[in-house]
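**Student:** Here's a structure for you.
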Amino acid sequence: MHRSGFINIIGRPNVGKSTLMNALVGERMSIITSKPQTTRHRIIGILSGDDFQMIFSDTPGLISDPSYKMQEAMNRFVAGTFDDADLMLFVTEPAEQYADDDPLIARLQNLKAPLFLLINKIDTIDEAALLQLIDHWKERAPFAEIVPISALQKLNTERLLELIKSYLPEGPEYYPKDQLTDRPERFFVGEIIREKILERYHQEIPYSVEVAIESFKEGETRAGEPLVRIEALIYVDRKSQKPILIGKNGAAIKQLGTEARQAIETWLEQKVFLELHVKVRENWRNDEQQLRRWGY
């Protein structure tokens with residue numbers, strides 16, 4: 001029997017959803033930094049075997065009080081996961097608290113698909129505290145399974161995969177067995193650049209930035225090696241942010257370009273020529289037309 005299904009990962013920002021999907025799929029599918037609100041889109045990662053296909057969906061963290069139309073769009077990505085899940089993975093961590101009237105808890109209580117609770121970052125607490133957490137969560141929603149994990153250290157992730165497989169319905173091969181995601185390479189290149197911005201810049205800058213890949217050309221060679229030529233536009237929300245991103249005499253964006261190029265080369269496994277430009281598109285986070293162009 002061939003089992004397959006859509007496994008959707010939900011939870012608040014920065015609980016480790018992207019790290020978990022990367023641990024399960026075995027590829028660097030989602031952007032990972034220590035900053036919250038990192039994932040902005042719904043990203044699919046596919047894990048296939050001879051008798052199964054698991055289609056994981058990593059979603060943005062649910063934002064309780066959206067400040068921008070971009071964040072409203074991110075919340076819509078999360079809402080969509082309740083409609084098409086064959087299995088739902090709800091990720092939390094030890095320090096996190098939910099009120100009894102939290103709308104997410106209410107939605108979980110009425111979910112029709114099997115629901116797993118994943119308590120992440122268990123390497124940060126002792127066994128007694130973990131058992132208390134499990135008892136606390138048992139009463140809050142009809143969890144089919146409660147699995148303590150550390151996505152970063154891959155603790156219990158193999159057991160989790162076996163449990164997921166056992167809950168999947170009989171189904172077809174939705175994607176070719178060698179396909180890892182439904183997103184093109186240029187999407188992940190943009191995510192890598194944005195990840196480096198999140199790592200290098202502080203305060204509002206990382207959250208005011210969107211990266212658009214203008215050109216992605218393969219087929220060239222340099223010194224006999226294949227070369228990918230990439231041109232990316234970094235959009236900022238206000239004029240005052242542009243000089244901060246570029247830095248004095250262009251030093252900041254030059255360093256950003258070096259780090260992003262090296263990371264892209266590692267990901268693509270070939271040489272890259274990367275060209276970065278910065279443009280101002282004021283208030284883009286509230287521009288519905290622009291957000292649609294960028295896939296929100």
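Residues in the structure tokens are numbered from 1 in each chain, the chains being A, B, ... in the order shown, and ligands are numbered from 1 in the order shown.
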Do a neighbour search on segment 84-95 of chain A at 9 Å with only C-alpha atoms, toss out local chain neighbours closer than 2 positions, and write the hits as a ChimeraX atom specification.

**Tutor:** /A:4-12,15-17,80-82,97,108,111-122,124-125,129-130,133,164,167-169

**Student:** How would the residues just chosen look if you wrote them out with N, CA and C atoms as an mmCIF file, in the first residue's frame?

**Tutor:**
data_model
loop_
_atom_site.group_PDB
_atom_site.id
_atom_site.type_symbol
_atom_site.label_atom_id
_atom_site.label_comp_id
_atom_site.auth_asym_id
_atom_site.auth_seq_id
_atom_site.Cartn_x
_atom_site.Cartn_y
_atom_site.Cartn_z
ATOM 1 N N SER A 4 0.203 8.495 1.327
ATOM 2 C CA SER A 4 0.629 9.858 0.995
ATOM 3 C C SER A 4 -0.328 10.849 1.636
ATOM 4 N N GLY A 5 0.144 12.082 1.781
ATOM 5 C CA GLY A 5 -0.722 13.095 2.352
ATOM 6 C C GLY A 5 0.005 14.392 2.608
ATOM 7 N N PHE A 6 -0.799 15.390 2.982
ATOM 8 C CA PHE A 6 -0.299 16.736 3.217
ATOM 9 C C PHE A 6 -0.220 16.972 4.726
ATOM 10 N N ILE A 7 0.995 17.242 5.192
ATOM 11 C CA ILE A 7 1.258 17.428 6.618
ATOM 12 C C ILE A 7 1.605 18.889 6.843
ATOM 13 N N ASN A 8 0.735 19.609 7.535
ATOM 14 C CA ASN A 8 0.911 21.051 7.697
ATOM 15 C C ASN A 8 1.459 21.378 9.087
ATOM 16 N N ILE A 9 2.454 22.254 9.115
ATOM 17 C CA ILE A 9 3.142 22.618 10.349
ATOM 18 C C ILE A 9 2.722 24.025 10.745
ATOM 19 N N ILE A 10 2.144 24.167 11.936
ATOM 20 C CA ILE A 10 1.690 25.483 12.384
ATOM 21 C C ILE A 10 2.225 25.778 13.783
ATOM 22 N N GLY A 11 2.144 27.040 14.172
ATOM 23 C CA GLY A 11 2.598 27.476 15.487
ATOM 24 C C GLY A 11 2.983 28.935 15.428
ATOM 25 N N ARG A 12 3.329 29.474 16.557
ATOM 26 C CA ARG A 12 3.722 30.882 16.618
ATOM 27 C C ARG A 12 5.106 31.085 16.002
ATOM 28 N N VAL A 15 9.160 29.201 16.969
ATOM 29 C CA VAL A 15 9.115 27.987 17.785
ATOM 30 C C VAL A 15 9.877 26.838 17.131
ATOM 31 N N GLY A 16 10.404 27.067 15.923
ATOM 32 C CA GLY A 16 11.229 26.046 15.279
ATOM 33 C C GLY A 16 10.543 25.285 14.166
ATOM 34 N N LYS A 17 9.519 25.867 13.545
ATOM 35 C CA LYS A 17 8.785 25.157 12.489
ATOM 36 C C LYS A 17 9.669 24.887 11.267
ATOM 37 N N GLY A 80 -5.252 28.681 5.632
ATOM 38 C CA GLY A 80 -5.448 27.700 4.570
ATOM 39 C C GLY A 80 -5.014 26.303 4.956
ATOM 40 N N THR A 81 -4.088 26.203 5.910
ATOM 41 C CA THR A 81 -3.596 24.881 6.298
ATOM 42 C C THR A 81 -4.660 24.058 7.022
ATOM 43 N N PHE A 82 -5.669 24.714 7.592
ATOM 44 C CA PHE A 82 -6.720 23.985 8.298
ATOM 45 C C PHE A 82 -7.672 23.288 7.324
ATOM 46 N N GLN A 97 3.115 30.185 26.200
ATOM 47 C CA GLN A 97 1.826 30.057 26.890
ATOM 48 C C GLN A 97 0.697 30.497 25.973
ATOM 49 N N LEU A 108 -7.865 24.423 16.818
ATOM 50 C CA LEU A 108 -7.298 23.087 16.995
ATOM 51 C C LEU A 108 -8.332 22.130 17.600
ATOM 52 N N LEU A 111 -10.533 20.785 14.814
ATOM 53 C CA LEU A 111 -9.865 20.251 13.624
ATOM 54 C C LEU A 111 -10.341 18.830 13.327
ATOM 55 N N LYS A 112 -10.601 18.550 12.061
ATOM 56 C CA LYS A 112 -11.059 17.215 11.672
ATOM 57 C C LYS A 112 -9.909 16.262 11.392
ATOM 58 N N ALA A 113 -8.796 16.787 10.891
ATOM 59 C CA ALA A 113 -7.637 15.938 10.600
ATOM 60 C C ALA A 113 -6.946 15.531 11.902
ATOM 61 N N PRO A 114 -6.223 14.405 11.896
ATOM 62 C CA PRO A 114 -5.432 14.036 13.078
ATOM 63 C C PRO A 114 -4.457 15.153 13.453
ATOM 64 N N LEU A 115 -4.313 15.374 14.743
ATOM 65 C CA LEU A 115 -3.510 16.483 15.244
ATOM 66 C C LEU A 115 -2.404 15.957 16.157
ATOM 67 N N PHE A 116 -1.155 16.327 15.827
ATOM 68 C CA PHE A 116 -0.017 16.006 16.677
ATOM 69 C C PHE A 116 0.402 17.267 17.422
ATOM 70 N N LEU A 117 0.731 17.125 18.707
ATOM 71 C CA LEU A 117 1.388 18.194 19.445
ATOM 72 C C LEU A 117 2.882 17.875 19.485
ATOM 73 N N LEU A 118 3.694 18.813 19.018
ATOM 74 C CA LEU A 118 5.143 18.661 19.068
ATOM 75 C C LEU A 118 5.697 19.691 20.043
ATOM 76 N N ILE A 119 6.234 19.218 21.151
ATOM 77 C CA ILE A 119 6.871 20.108 22.118
ATOM 78 C C ILE A 119 8.340 20.186 21.742
ATOM 79 N N ASN A 120 8.727 21.291 21.138
ATOM 80 C CA ASN A 120 10.088 21.455 20.624
ATOM 81 C C ASN A 120 11.022 22.013 21.705
ATOM 82 N N LYS A 121 12.308 21.897 21.441
ATOM 83 C CA LYS A 121 13.368 22.444 22.309
ATOM 84 C C LYS A 121 13.370 21.758 23.676
ATOM 85 N N ILE A 122 13.124 20.441 23.687
ATOM 86 C CA ILE A 122 13.085 19.726 24.965
ATOM 87 C C ILE A 122 14.467 19.614 25.599
ATOM 88 N N THR A 124 16.092 21.992 26.437
ATOM 89 C CA THR A 124 16.230 23.165 27.325
ATOM 90 C C THR A 124 15.553 22.960 28.676
ATOM 91 N N ILE A 125 14.886 21.818 28.894
ATOM 92 C CA ILE A 125 14.191 21.578 30.172
ATOM 93 C C ILE A 125 14.488 20.178 30.675
ATOM 94 N N ALA A 129 9.806 18.780 34.248
ATOM 95 C CA ALA A 129 9.117 19.913 33.618
ATOM 96 C C ALA A 129 8.427 19.475 32.326
ATOM 97 N N LEU A 130 9.062 18.568 31.593
ATOM 98 C CA LEU A 130 8.461 18.072 30.350
ATOM 99 C C LEU A 130 7.174 17.304 30.640
ATOM 100 N N LEU A 133 4.416 19.658 31.337
ATOM 101 C CA LEU A 133 3.949 20.274 30.094
ATOM 102 C C LEU A 133 3.000 19.351 29.337
ATOM 103 N N ILE A 164 4.077 9.745 11.710
ATOM 104 C CA ILE A 164 3.404 10.430 10.598
ATOM 105 C C ILE A 164 3.007 9.428 9.529
ATOM 106 N N TYR A 167 -0.092 7.416 10.187
ATOM 107 C CA TYR A 167 -1.366 8.131 10.147
ATOM 108 C C TYR A 167 -1.783 8.543 8.738
ATOM 109 N N LEU A 168 -0.881 8.437 7.781
ATOM 110 C CA LEU A 168 -1.217 8.883 6.430
ATOM 111 C C LEU A 168 -2.197 7.926 5.771
ATOM 112 N N PRO A 169 -3.143 8.464 5.007
ATOM 113 C CA PRO A 169 -4.080 7.588 4.295
ATOM 114 C C PRO A 169 -3.428 6.965 3.070
#

**Student:** Neighbours of Leu245 of chain A within 12 Å (only C-alpha atoms; same-chain residues fewer than 3 positions away dropped), as a PyMOL selection string?

**Tutor:** chain A and resi 196-198+200-202+204-206+208-209+234-242+248-257+276-280

**Student:** Give the answer as one residue: which of A:Met21, A:Ile146, A:Leu291, A:Val189 has the shortest atom-to-atom distance to Leu274 of chain A, using only C-alpha atoms?

**Tutor:**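 Closest candidate: A:Val189.
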
**Student:** From a backbone DSSP assignment, name each residue in segment 44-114 of chain A labelled helix (DSSP H, G or I), as an MDAnalysis selection string.

**Tutor:** chainID A and resid 69:84 103:109

**Student:** Write to file, as an mmCIF file, in the first residue's frame, the residues of the selection just made, with N, CA and C atoms.

**Tutor:**
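Output (result20.cif):
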data_model
loop_
_atom_site.group_PDB
_atom_site.id
_atom_site.type_symbol
_atom_site.label_atom_id
_atom_site.label_comp_id
_atom_site.auth_asym_id
_atom_site.auth_seq_id
_atom_site.Cartn_x
_atom_site.Cartn_y
_atom_site.Cartn_z
ATOM 1 N N LYS A 69 -0.729 44.733 5.902
ATOM 2 C CA LYS A 69 -1.450 43.822 5.020
ATOM 3 C C LYS A 69 -0.589 42.599 4.689
ATOM 4 N N MET A 70 0.734 42.768 4.673
ATOM 5 C CA MET A 70 1.617 41.627 4.471
ATOM 6 C C MET A 70 1.394 40.583 5.567
ATOM 7 N N GLN A 71 1.289 41.037 6.816
ATOM 8 C CA GLN A 71 1.068 40.106 7.918
ATOM 9 C C GLN A 71 -0.319 39.476 7.852
ATOM 10 N N GLU A 72 -1.299 40.227 7.352
ATOM 11 C CA GLU A 72 -2.626 39.639 7.145
ATOM 12 C C GLU A 72 -2.553 38.521 6.109
ATOM 13 N N ALA A 73 -1.775 38.742 5.045
ATOM 14 C CA ALA A 73 -1.601 37.705 4.018
ATOM 15 C C ALA A 73 -0.899 36.484 4.607
ATOM 16 N N MET A 74 0.089 36.715 5.460
ATOM 17 C CA MET A 74 0.786 35.607 6.111
ATOM 18 C C MET A 74 -0.183 34.783 6.957
ATOM 19 N N ASN A 75 -1.080 35.456 7.663
ATOM 20 C CA ASN A 75 -2.086 34.751 8.461
ATOM 21 C C ASN A 75 -3.041 33.947 7.585
ATOM 22 N N ARG A 76 -3.321 34.448 6.374
ATOM 23 C CA ARG A 76 -4.176 33.686 5.460
ATOM 24 C C ARG A 76 -3.495 32.391 5.020
ATOM 25 N N PHE A 77 -2.169 32.429 4.857
ATOM 26 C CA PHE A 77 -1.449 31.195 4.542
ATOM 27 C C PHE A 77 -1.680 30.162 5.646
ATOM 28 N N VAL A 78 -1.646 30.631 6.890
ATOM 29 C CA VAL A 78 -1.838 29.729 8.032
ATOM 30 C C VAL A 78 -3.270 29.192 8.029
ATOM 31 N N ALA A 79 -4.238 30.073 7.810
ATOM 32 C CA ALA A 79 -5.647 29.654 7.822
ATOM 33 C C ALA A 79 -5.908 28.579 6.777
ATOM 34 N N GLY A 80 -5.252 28.681 5.632
ATOM 35 C CA GLY A 80 -5.448 27.700 4.570
ATOM 36 C C GLY A 80 -5.014 26.303 4.956
ATOM 37 N N THR A 81 -4.088 26.203 5.910
ATOM 38 C CA THR A 81 -3.596 24.881 6.298
ATOM 39 C C THR A 81 -4.660 24.058 7.022
ATOM 40 N N PHE A 82 -5.669 24.714 7.592
ATOM 41 C CA PHE A 82 -6.720 23.985 8.298
ATOM 42 C C PHE A 82 -7.672 23.288 7.324
ATOM 43 N N ASP A 83 -7.673 23.741 6.087
ATOM 44 C CA ASP A 83 -8.625 23.209 5.111
ATOM 45 C C ASP A 83 -8.102 22.012 4.329
ATOM 46 N N ASP A 84 -6.784 21.924 4.160
ATOM 47 C CA ASP A 84 -6.260 20.888 3.257
ATOM 48 C C ASP A 84 -5.319 19.898 3.927
ATOM 49 N N PRO A 103 -7.669 32.072 19.870
ATOM 50 C CA PRO A 103 -8.390 31.558 18.692
ATOM 51 C C PRO A 103 -7.727 30.348 18.057
ATOM 52 N N LEU A 104 -6.410 30.242 18.170
ATOM 53 C CA LEU A 104 -5.739 29.076 17.593
ATOM 54 C C LEU A 104 -6.114 27.799 18.340
ATOM 55 N N ILE A 105 -6.214 27.880 19.660
ATOM 56 C CA ILE A 105 -6.609 26.711 20.441
ATOM 57 C C ILE A 105 -8.027 26.279 20.058
ATOM 58 N N ALA A 106 -8.905 27.244 19.864
ATOM 59 C CA ALA A 106 -10.279 26.923 19.455
ATOM 60 C C ALA A 106 -10.297 26.216 18.109
ATOM 61 N N ARG A 107 -9.464 26.657 17.190
ATOM 62 C CA ARG A 107 -9.414 26.025 15.867
ATOM 63 C C ARG A 107 -8.856 24.607 15.967
ATOM 64 N N LEU A 108 -7.865 24.423 16.818
ATOM 65 C CA LEU A 108 -7.298 23.087 16.995
ATOM 66 C C LEU A 108 -8.332 22.130 17.600
ATOM 67 N N GLN A 109 -9.160 22.625 18.493
ATOM 68 C CA GLN A 109 -10.162 21.778 19.132
ATOM 69 C C GLN A 109 -11.206 21.272 18.141
#

**Student:** Between A:Glu195, A:Val211, A:Tyr174, A:Asp51, which one has atoms that come closest to Thr38 of chain A, using only C-alpha atoms?

**Tutor:** A:Glu195

**Student:** Report as a ChimeraX atom specification: the residues of segment 56-100 of chain A with a DSSP assignment of strand (DSSP E), based on the backbone of this structure.

**Tutor:** /A:56-58,87-92

**Student:** Just to be explicit: take each residue in the selection above, keep C-alpha atoms, and write the result as a tab-separated table (two decimals), in the first residue's frame.

**Tutor:**
chain	number	residue	atom	x	y	z
A	56	PHE	CA	5.15	19.00	4.46
A	57	SER	CA	3.95	22.59	4.50
A	58	ASP	CA	5.89	25.13	6.57
A	87	LEU	CA	-2.32	15.62	9.30
A	88	MET	CA	-1.58	18.72	11.37
A	89	LEU	CA	1.60	19.28	13.38
A	90	PHE	CA	1.18	21.96	16.05
A	91	VAL	CA	4.59	23.11	17.32
A	92	THR	CA	5.10	24.74	20.68

**Student:** As an exercise, work out the distance from atom CA of Arg229 of chain A to atom CA of Phe216 of chain A in Å and give it to one decimal place.

**Tutor:**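 The value is 5.9 Å.
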
**Student:** Using only C-alpha atoms for the distances, tell me which of A:Leu268, A:Ile246, A:Ala144, A:Leu47 is nearest to Asn22 of chain A.

**Tutor:**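 Answer, going by the shortest atom-to-atom distance: A:Leu47.
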
**Student:** What is the atom CA of Trp137 of chain A-atom CA of Ser18 of chain A distance in Å, reported with one decimal?

**Tutor:**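 Going from atom CA of Trp137 of chain A over to atom CA of Ser18 of chain A, I get 22.2 Å.
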
**Student:** Select, from A:Glu210, A:Glu265, A:Glu218, A:Asp123, the residue with the minimum atom-to-atom distance to Trp294 of chain A, counting only C-alpha atoms.

**Tutor:**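 Ranked by minimum distance to Trp294 of chain A, first place goes to A:Glu210.
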
**Student:** Pick out the closest residue to Glu173 of chain A from this set: A:Asp50, A:Glu199, A:Glu220, A:Asp100. Count only C-alpha atoms.

**Tutor:**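 Among A:Asp50, A:Glu199, A:Glu220, A:Asp100, it is A:Asp50 that comes nearest to Glu173 of chain A.
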